[in-house]
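> The structure file target_19.csv (CSV, C-alpha atoms (C1' of nucleotides)) is provided below.
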```csv
chain,number,residue,atom,x,y,z
I,9,MET,CA,113.7,58.7,93.7
I,10,ARG,CA,114.8,61.7,95.5
I,11,VAL,CA,113.5,62.2,99.0
I,12,LEU,CA,113.3,65.7,100.5
I,13,ASP,CA,112.3,66.5,104.0
I,14,ILE,CA,109.8,69.2,104.7
I,15,GLY,CA,112.3,71.9,105.4
I,16,GLU,CA,113.9,71.5,102.1
I,17,VAL,CA,110.5,71.4,100.3
I,18,ALA,CA,109.6,74.5,102.1
I,19,SER,CA,112.8,76.4,101.2
I,20,ARG,CA,112.7,75.3,97.6
I,21,SER,CA,109.0,75.9,96.9
I,22,GLY,CA,108.7,79.0,99.0
I,23,ALA,CA,105.8,77.6,100.9
I,24,ALA,CA,105.9,77.6,104.7
I,25,PRO,CA,106.1,74.3,106.5
I,26,SER,CA,102.8,75.1,108.1
I,27,THR,CA,101.4,75.4,104.6
I,28,LEU,CA,102.7,72.1,103.5
I,29,ARG,CA,101.3,70.5,106.6
I,30,TYR,CA,98.0,72.1,105.8
I,31,TYR,CA,98.1,70.9,102.2
I,32,GLU,CA,98.8,67.4,103.4
I,33,GLU,CA,96.0,67.6,105.9
I,34,ILE,CA,93.5,68.5,103.2
I,35,GLY,CA,94.8,65.8,100.9
I,36,LEU,CA,96.3,68.1,98.4
I,37,ILE,CA,99.8,66.7,98.6
I,38,ALA,CA,101.0,63.5,100.2
I,39,SER,CA,104.1,62.7,102.2
I,40,LEU,CA,106.1,59.5,101.8
I,41,GLY,CA,106.4,58.9,105.5
I,42,ARG,CA,108.5,60.1,108.3
I,43,HIS,CA,112.0,60.3,109.4
I,44,GLY,CA,111.6,60.5,113.1
I,45,LEU,CA,108.9,63.1,113.2
I,46,ARG,CA,109.9,64.8,110.0
I,47,ARG,CA,107.7,64.4,107.0
I,48,GLN,CA,109.5,63.2,103.9
I,49,PHE,CA,108.4,64.1,100.4
I,50,ASP,CA,109.1,62.8,97.0
I,51,ALA,CA,110.9,65.4,94.9
I,52,ASP,CA,107.9,65.4,92.6
I,53,VAL,CA,106.0,67.3,95.2
I,54,LEU,CA,107.8,70.4,93.9
I,55,LEU,CA,106.3,70.0,90.5
I,56,LYS,CA,102.9,69.6,92.1
I,57,LEU,CA,103.4,72.7,94.2
I,58,SER,CA,104.2,74.6,91.1
I,59,LEU,CA,100.9,73.4,89.6
I,60,ILE,CA,99.2,74.5,92.7
I,61,ALA,CA,100.8,77.9,92.6
I,62,MET,CA,99.7,78.3,89.0
I,63,GLY,CA,96.2,77.3,89.8
I,64,LYS,CA,96.0,79.7,92.6
I,65,ALA,CA,97.4,82.5,90.5
I,66,ALA,CA,94.7,81.6,88.0
I,67,GLY,CA,92.1,82.1,90.6
I,68,PHE,CA,91.2,78.4,91.3
I,69,SER,CA,90.4,77.4,94.9
I,70,LEU,CA,92.4,74.7,96.5
I,71,ASP,CA,89.3,72.5,96.2
I,72,GLU,CA,89.2,73.0,92.5
I,73,ILE,CA,92.9,72.4,92.2
I,74,ALA,CA,92.6,69.2,94.2
I,75,GLY,CA,89.9,68.1,91.7
I,76,MET,CA,92.5,68.3,89.0
I,77,PHE,CA,94.5,65.4,90.3
I,78,GLY,CA,93.6,61.8,90.0
I,79,ARG,CA,93.8,59.1,92.6
I,80,ASP,CA,97.5,58.5,92.0
I,81,GLY,CA,98.2,62.2,92.6
I,82,ARG,CA,98.9,62.7,88.9
I,83,PRO,CA,97.1,65.4,87.0
I,84,ASP,CA,94.1,63.7,85.6
I,85,ILE,CA,91.2,65.7,84.2
I,86,PRO,CA,88.8,64.7,81.5
I,87,ARG,CA,90.1,66.4,78.4
I,88,GLY,CA,86.8,68.2,77.6
I,89,GLN,CA,86.8,69.8,81.0
I,90,LEU,CA,90.4,70.9,80.5
I,91,ARG,CA,89.5,72.6,77.3
I,92,LEU,CA,86.5,74.3,79.0
I,93,ARG,CA,88.8,75.6,81.8
I,94,ALA,CA,91.3,76.8,79.2
I,95,ASP,CA,88.5,78.7,77.5
I,96,GLU,CA,87.4,80.2,80.7
I,97,LEU,CA,90.9,81.3,81.4
I,98,GLN,CA,91.0,82.9,78.0
I,99,ARG,CA,87.9,84.9,78.9
I,100,GLN,CA,89.4,85.8,82.3
I,101,MET,CA,92.5,87.1,80.5
I,102,VAL,CA,90.4,89.3,78.3
I,103,GLU,CA,88.8,90.8,81.3
I,104,LEU,CA,92.1,91.4,82.9
I,105,ARG,CA,93.4,93.1,79.8
I,106,THR,CA,90.5,95.4,79.7
I,107,LEU,CA,90.8,96.3,83.3
I,108,ARG,CA,94.6,96.8,82.8
I,109,ASP,CA,93.9,99.2,80.0
I,110,VAL,CA,91.4,101.1,82.1
I,111,LEU,CA,93.9,101.5,84.9
I,112,ARG,CA,96.6,102.6,82.5
I,113,HIS,CA,94.3,105.1,80.9
I,114,VAL,CA,93.3,106.5,84.2
I,115,ALA,CA,96.8,106.7,85.4
I,116,ASP,CA,97.9,108.7,82.3
I,117,CYS,CA,94.8,110.8,81.8
I,118,PRO,CA,95.5,114.4,82.3
I,119,ALA,CA,92.0,115.4,83.3
I,120,PRO,CA,92.0,117.0,86.7
I,121,SER,CA,89.3,114.7,88.0
I,122,HIS,CA,88.5,111.4,86.5
I,123,LEU,CA,84.8,112.2,86.6
I,124,GLU,CA,85.6,114.9,84.0
I,125,CYS,CA,87.4,112.6,81.7
I,126,PRO,CA,85.0,111.4,78.9
I,127,THR,CA,87.0,108.2,78.4
I,128,PHE,CA,86.7,107.4,82.0
I,129,ARG,CA,83.0,108.0,82.1
I,130,LYS,CA,82.6,105.9,79.0
I,131,LEU,CA,84.5,103.0,80.6
I,132,MET,CA,82.4,103.4,83.7
I,133,GLN,CA,79.2,103.2,81.6
I,134,ALA,CA,80.5,100.0,80.1
I,135,ALA,CA,81.4,98.6,83.4
I,136,SER,CA,78.2,99.4,85.1
I,137,HIS,CA,76.3,96.8,83.2
I,138,ARG,CA,78.2,94.2,85.1
I,139,LYS,CA,76.4,93.2,88.2
I,140,LEU,CA,78.0,92.8,91.6
I,141,ALA,CA,77.8,89.5,93.2
I,142,TYR,CA,79.3,88.1,96.4
I,143,ARG,CA,81.9,85.4,96.0
I,144,PRO,CA,83.2,84.3,99.3
I,145,THR,CA,86.9,84.9,99.0
I,146,ASN,CA,88.6,84.1,95.8
I,147,GLY,CA,88.0,81.8,92.9
I,148,PRO,CA,85.4,81.6,90.1
I,149,ARG,CA,83.4,78.9,91.8
I,150,SER,CA,83.4,76.8,95.0
I,151,GLY,CA,82.2,73.3,94.8
I,152,ARG,CA,83.3,70.0,96.2
I,153,LYS,CA,85.2,69.8,99.4
I,154,VAL,CA,88.8,68.5,99.3
I,155,ALA,CA,88.5,64.9,100.3
I,156,SER,CA,91.1,63.4,102.6
I,157,LYS,CA,92.1,60.1,101.1
I,158,PRO,CA,90.9,57.1,103.1
Z,26,MET,CA,68.6,115.1,92.8
Z,27,ARG,CA,67.1,111.6,92.6
Z,28,VAL,CA,66.6,109.8,95.8
Z,29,LEU,CA,66.5,106.0,95.9
Z,30,ASP,CA,65.7,103.8,98.8
Z,31,ILE,CA,67.9,100.9,99.7
Z,32,GLY,CA,65.8,98.3,97.9
Z,33,GLU,CA,66.1,100.1,94.7
Z,34,VAL,CA,69.8,100.7,95.0
Z,35,ALA,CA,70.1,97.0,95.7
Z,36,SER,CA,68.2,95.8,92.7
Z,37,ARG,CA,69.8,98.3,90.4
Z,38,SER,CA,73.4,97.7,91.5
Z,39,GLY,CA,73.0,94.0,92.2
Z,40,ALA,CA,74.5,94.4,95.6
Z,41,ALA,CA,72.5,92.9,98.5
Z,42,PRO,CA,70.9,95.3,101.0
Z,43,SER,CA,73.1,93.8,103.7
Z,44,THR,CA,76.1,94.6,101.5
Z,45,LEU,CA,75.0,98.2,101.2
Z,46,ARG,CA,74.5,98.5,104.9
Z,47,TYR,CA,77.9,97.0,105.4
Z,48,TYR,CA,79.4,99.5,103.0
Z,49,GLU,CA,77.8,102.3,104.9
Z,50,GLU,CA,79.0,100.9,108.2
Z,51,ILE,CA,82.6,101.0,107.1
Z,52,GLY,CA,82.2,104.4,105.6
Z,53,LEU,CA,82.5,103.4,101.9
Z,54,ILE,CA,79.2,104.9,100.9
Z,55,ALA,CA,76.9,107.3,102.7
Z,56,SER,CA,73.1,107.5,102.9
Z,57,LEU,CA,71.2,110.8,102.8
Z,58,GLY,CA,69.1,109.8,105.7
Z,59,ARG,CA,66.0,107.8,106.4
Z,60,HIS,CA,62.4,107.5,105.3
Z,61,GLY,CA,61.0,105.9,108.4
Z,62,LEU,CA,63.6,103.2,108.9
Z,63,ARG,CA,64.6,102.9,105.3
Z,64,ARG,CA,67.9,104.3,104.2
Z,65,GLN,CA,67.7,106.8,101.3
Z,66,PHE,CA,70.5,107.2,98.8
Z,67,ASP,CA,71.4,109.7,96.3
Z,68,ALA,CA,71.4,108.2,92.8
Z,69,ASP,CA,75.1,109.0,92.6
Z,70,VAL,CA,75.7,106.0,94.8
Z,71,LEU,CA,75.2,103.8,91.8
Z,72,LEU,CA,78.2,105.3,90.0
Z,73,LYS,CA,80.2,104.9,93.2
Z,74,LEU,CA,79.1,101.3,93.4
Z,75,SER,CA,80.3,100.8,89.8
Z,76,LEU,CA,83.7,102.2,90.7
Z,77,ILE,CA,83.8,99.9,93.7
Z,78,ALA,CA,82.9,96.9,91.6
Z,79,MET,CA,85.7,97.8,89.2
Z,80,GLY,CA,88.1,98.3,92.0
Z,81,LYS,CA,87.3,94.9,93.4
Z,82,ALA,CA,87.6,93.3,90.0
Z,83,ALA,CA,91.1,94.9,89.8
Z,84,GLY,CA,92.0,93.3,93.0
Z,85,PHE,CA,91.8,96.3,95.3
Z,86,SER,CA,90.5,95.7,98.8
Z,87,LEU,CA,87.7,97.7,100.1
Z,88,ASP,CA,90.1,99.6,102.3
Z,89,GLU,CA,92.1,100.6,99.3
Z,90,ILE,CA,89.1,101.6,97.3
Z,91,ALA,CA,87.9,103.7,100.2
Z,92,GLY,CA,91.3,105.4,100.1
Z,93,MET,CA,90.6,106.3,96.5
Z,94,PHE,CA,87.8,108.7,97.3
Z,95,GLY,CA,88.6,112.2,98.3
Z,96,ARG,CA,87.0,114.1,101.2
Z,97,ASP,CA,84.2,115.2,98.9
Z,98,GLY,CA,83.5,111.6,97.9
Z,99,ARG,CA,84.9,112.0,94.4
Z,100,PRO,CA,87.2,109.5,93.0
Z,101,ASP,CA,90.8,110.6,93.5
Z,102,ILE,CA,93.1,107.8,92.7
Z,103,PRO,CA,96.8,108.0,93.0
Z,104,ARG,CA,98.2,107.4,89.6
Z,105,GLY,CA,101.3,105.6,90.8
Z,106,GLN,CA,99.2,103.0,92.5
Z,107,LEU,CA,97.2,102.5,89.4
Z,108,ARG,CA,100.2,101.8,87.3
Z,109,LEU,CA,101.5,99.4,89.9
Z,110,ARG,CA,98.2,97.6,89.8
Z,111,ALA,CA,98.1,97.5,86.1
Z,112,ASP,CA,101.5,95.9,86.0
Z,113,GLU,CA,100.4,93.4,88.5
Z,114,LEU,CA,97.4,92.6,86.3
Z,115,GLN,CA,99.8,92.2,83.5
Z,116,ARG,CA,101.8,89.6,85.4
Z,117,GLN,CA,98.6,87.8,86.3
Z,118,MET,CA,97.7,87.7,82.7
Z,119,VAL,CA,100.9,86.0,81.9
Z,120,GLU,CA,100.3,83.4,84.5
Z,121,LEU,CA,96.9,82.8,83.2
Z,122,ARG,CA,98.2,82.4,79.7
Z,123,THR,CA,100.8,79.9,80.9
Z,124,LEU,CA,98.2,78.0,82.7
Z,125,ARG,CA,95.9,78.1,79.7
Z,126,ASP,CA,98.7,76.7,77.6
Z,127,VAL,CA,99.4,74.0,80.1
Z,128,LEU,CA,95.7,73.0,80.2
Z,129,ARG,CA,95.5,73.0,76.4
Z,130,HIS,CA,98.6,71.0,76.1
Z,131,VAL,CA,97.5,68.5,78.6
Z,132,ALA,CA,94.1,68.2,76.9
Z,133,ASP,CA,95.8,67.3,73.7
Z,134,CYS,CA,98.9,65.4,74.7
Z,135,PRO,CA,98.8,61.7,74.0
Z,136,ALA,CA,101.4,60.8,76.5
Z,137,PRO,CA,100.1,58.3,79.0
Z,138,SER,CA,101.0,60.4,82.0
Z,139,HIS,CA,101.7,64.1,81.8
Z,140,LEU,CA,104.7,63.8,84.0
Z,141,GLU,CA,106.3,61.8,81.3
Z,142,CYS,CA,105.6,64.4,78.7
Z,143,PRO,CA,108.6,66.7,78.0
Z,144,THR,CA,106.4,69.6,76.9
Z,145,PHE,CA,104.5,69.4,80.1
Z,146,ARG,CA,107.6,69.3,82.2
Z,147,LYS,CA,109.1,72.2,80.3
Z,148,LEU,CA,106.1,74.4,80.9
Z,149,MET,CA,106.2,73.5,84.5
Z,150,GLN,CA,109.8,74.3,84.7
Z,151,ALA,CA,109.1,77.7,83.4
Z,152,ALA,CA,106.4,78.1,86.0
Z,153,SER,CA,108.4,76.8,89.0
Z,154,HIS,CA,110.6,79.8,89.3
Z,155,ARG,CA,107.8,81.6,91.0
Z,156,LYS,CA,107.7,81.4,94.7
Z,157,LEU,CA,104.6,80.8,96.7
Z,158,ALA,CA,103.7,83.3,99.3
Z,159,TYR,CA,100.8,83.7,101.7
Z,160,ARG,CA,98.5,86.6,101.1
Z,161,PRO,CA,95.8,86.7,103.6
Z,162,THR,CA,92.6,86.5,101.6
Z,163,ASN,CA,92.4,88.7,98.6
Z,164,GLY,CA,94.3,91.6,97.3
Z,165,PRO,CA,98.0,92.1,97.0
Z,166,ARG,CA,98.3,94.2,100.1
Z,167,SER,CA,96.2,95.2,103.0
Z,168,GLY,CA,96.9,98.5,104.5
Z,169,ARG,CA,95.0,101.2,106.3
Z,170,LYS,CA,91.7,100.5,107.8
Z,171,VAL,CA,88.6,102.1,106.4
Z,172,ALA,CA,87.9,105.1,108.6
Z,173,SER,CA,84.4,106.0,109.4
Z,174,LYS,CA,83.9,109.7,108.8
Z,175,PRO,CA,83.5,111.7,112.0
O,11,DG,C1',125.2,61.7,127.0
O,12,DC,C1',123.6,66.2,126.3
O,13,DT,C1',122.3,70.1,123.7
O,14,DT,C1',120.4,72.0,119.8
O,15,DG,C1',117.2,73.2,116.5
O,16,DA,C1',114.1,71.8,113.4
O,17,DC,C1',110.3,69.4,113.4
O,18,DC,C1',105.8,67.6,115.6
O,19,DT,C1',100.4,68.1,117.3
O,20,DC,C1',96.4,70.4,118.4
O,21,DA,C1',93.5,74.0,119.2
O,22,DA,C1',92.7,78.5,118.4
O,23,DG,C1',93.1,82.8,116.0
O,24,DC,C1',93.1,85.9,112.0
O,25,DT,C1',91.6,88.5,107.7
O,26,DG,C1',88.1,90.4,104.5
O,27,DA,C1',83.8,90.7,103.0
O,28,DC,C1',79.9,89.6,103.8
O,29,DT,C1',75.5,86.8,105.4
O,30,DT,C1',72.2,85.1,108.7
O,31,DG,C1',68.8,85.1,112.3
O,32,DA,C1',65.9,86.8,115.9
O,33,DA,C1',63.4,90.3,117.5
O,34,DT,C1',61.5,94.9,116.1
O,35,DT,C1',59.7,99.1,113.6
O,36,DC,C1',57.6,101.3,110.0
O,37,DG,C1',54.7,103.1,105.9
O,38,DT,C1',51.2,101.7,103.0
O,39,DA,C1',47.2,99.2,101.3
O,40,DC,C1',43.1,97.5,102.4
U,2,DG,C1',42.8,100.0,112.5
U,3,DT,C1',45.0,96.2,111.3
U,4,DA,C1',47.7,93.3,108.5
U,5,DC,C1',51.6,93.0,105.5
U,6,DG,C1',56.0,93.3,103.7
U,7,DA,C1',60.1,95.3,103.6
U,8,DA,C1',63.4,97.4,106.2
U,9,DT,C1',65.8,97.8,110.7
U,10,DT,C1',69.5,96.6,114.6
U,11,DC,C1',72.9,93.7,116.7
U,12,DA,C1',75.5,90.0,117.6
U,13,DA,C1',77.2,86.0,115.8
U,14,DG,C1',78.4,83.0,112.0
U,15,DT,C1',80.8,81.7,107.6
U,16,DC,C1',84.4,80.8,104.3
U,17,DA,C1',89.2,80.0,102.6
U,18,DG,C1',93.6,79.7,103.6
U,19,DC,C1',96.5,79.8,106.2
U,20,DT,C1',99.5,81.4,110.9
U,21,DT,C1',100.5,81.2,115.8
U,22,DG,C1',101.5,79.4,120.3
U,23,DA,C1',102.1,76.1,123.8
U,24,DG,C1',104.1,72.1,125.0
U,25,DG,C1',106.4,67.9,123.3
U,26,DT,C1',109.8,64.8,120.4
U,27,DC,C1',113.5,63.5,117.9
U,28,DA,C1',118.2,62.8,115.2
U,29,DA,C1',122.4,64.5,114.7
U,30,DG,C1',126.6,66.8,116.2
U,31,DC,C1',129.8,67.7,119.7
```
Just dump the structure as structure tokens.


Amino acid sequence: MRVLDIGEVASRSGAAPSTLRYYEEIGLIASLGRHGLRRQFDADVLLKLSLIAMGKAAGFSLDEIAGMFGRDGRPDIPRGQLRLRADELQRQMVELRTLRDVLRHVADCPAPSHLECPTFRKLMQAASHRKLAYRPTNGPRSGRKVASKP
Amino acid sequence: MRVLDIGEVASRSGAAPSTLRYYEEIGLIASLGRHGLRRQFDADVLLKLSLIAMGKAAGFSLDEIAGMFGRDGRPDIPRGQLRLRADELQRQMVELRTLRDVLRHVADCPAPSHLECPTFRKLMQAASHRKLAYRPTNGPRSGRKVASKP
DNA sequence: GCTTGACCTCAAGCTGACTTGAATTCGTAC
DNA sequence: GTACGAATTCAAGTCAGCTTGAGGTCAAGC
């Protein structure tokens, strides 16, 4: 079992030490113990950090990501829920693709002003059916708090 | 020229009145004036709010969005920036797809623990080349401040 | 044995995008 | 003319996800 100290985890994962400390504080990752003052981590933490990075990239909050790990720190989500999440990601992807296409169109459209471009106006029409809603910071949903393990 | 008061703009756009006031405060939208205390808006503001919504969905900050309107209040979006953003959306999509695949795999994988499943590990390997980096709140970049018009 | 440099803790600060609350002011309907 | 409801202002609060800074501690290398 390889043991890494925080500095190494930091440089390998790209996360700042302060971030790792923060993650530990909120119970998202766990350290094995200390060497003097220095936190020591199992090398597995790198894998977990990758998962966390992916989750963040996908728009999940840290709370939600934390909910995806079981008591033993292993990923452990009811399979049905996983499939639901996957489907939601699928939908999100479709939205992103649409948006990407809009942006590309607008970037390449030769009309002097976008308001004069019929394609743009049409896209705007389509978009304006969507309602604005406030979502504090990022992430599709905020729910349970990250629990610090007792 | 249709004139709407703030309540109507709010209900049509889905943005809360407080949000509209906030947008006006930072110079993102402008009101025509008042009827008594009530702000009055040109109906055009709805289009602008749609644009703002799209911009937000695309990951632009309000600052950036504000920068996309010319002096006359018409959208005037730098094409290069749009392409960059589209490319970033592309990358985000790829991440989402990977995560979706991970989730789907995990949902269907019969291995007792995912960490022991070679497929899982391989997917994670692929993902782990990505570095984590802190981006304060949302949006890939924060830049100029929204200027209130003099 | 001393220095060095990376780590530690703890509280506080920051960013963006709003919301909330208290106290107030209107226009309109009765 | 008075009550009502919706809007107003302003300062302060909120949220996530960290970073920063001051002051302290430790293990390893010389």

> What gap, in Å, lies between CA of Glu32 in chain I and CA of Ala132 in chain Z?

26.9 Å

> If you measure from C1' of DG23 in chain O to CA of Ser26 in chain I, what distance in Å do you get, rounded to one decimal?

14.7 Å

> Extending 6 Å beyond the listed atoms of range 19-36 of chain O on each side, what axis-aligned box results? I want centre and edge lengths in Å to one decimal, as JSON.


```
{"center_x": 79.0, "center_y": 84.7, "center_z": 111.1, "size_x": 54.8, "size_y": 45.2, "size_z": 28.2}
```

> Which value, in Å to one decimal, gives the distance between C1' of DC12 in chain O and CA of Gly41 in chain I?

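These two atoms are separated by 28.0 Å.
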
> Would you kindly report the residues of chain O within 12 Å of chain I, using only C-alpha atoms (C1' of nucleotides), as a list in words?

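Every residue of chain O that passes the 12 Å test is in DA16, DC17, DC18, DT19, DT25, DG26, DA27, DC28 and DT29 of chain O.
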
> Could you list, as JSON, numbers by chain, the residues of chain U having an atom within 10 Å of chain Z when counting all atoms listed in the file?

{"U": [7, 8, 9, 17, 18, 19, 20]}

> Just want the 12 Å neighbourhood of DT13 in chain O, counted on only C-alpha atoms (C1' of nucleotides), with same-chain residues fewer than 3 positions away dropped. Output as number ranges by chain.

U: 28-31

> From the set Z:Lys147, Z:Arg104, Z:His130, Z:Arg46, which residue has the shortest atom-to-atom contact distance to chain I, counting all atoms listed in the file?

Z:Arg104

> Counting all atoms listed in the file, find residues at most 8 Å from (73.2, 113.3, 92.0) (file frame) and give them as a PyMOL selection string.

chain Z and resi 26-27+67-69

> Determine the nearest neighbour of chain Z from the options I:Val102, I:Ile34, I:Val11, I:Ala23, counting only C-alpha atoms.

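Looking at the shortest contact to chain Z, the residue is I:Ala23.
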
> Using all atoms listed in the file, which of I:Leu92, I:Ile73, I:Leu28, I:Ala66 sits nearest chain Z?

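With all atoms listed in the file as the atom set, the closest residue is I:Ala66.
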
> When distances are computed from all atoms listed in the file, which of Z:Ala41, Z:Leu57, Z:Cys142, Z:Val34 shows the smallest separation from chain I?

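Answer, going by the shortest atom-to-atom distance: Z:Ala41.
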
> Using all atoms listed in the file, pick whichever of Z:Ala35, Z:Arg125, Z:Cys134, Z:Leu148 has the shortest atom-to-atom distance to chain I.

Z:Arg125
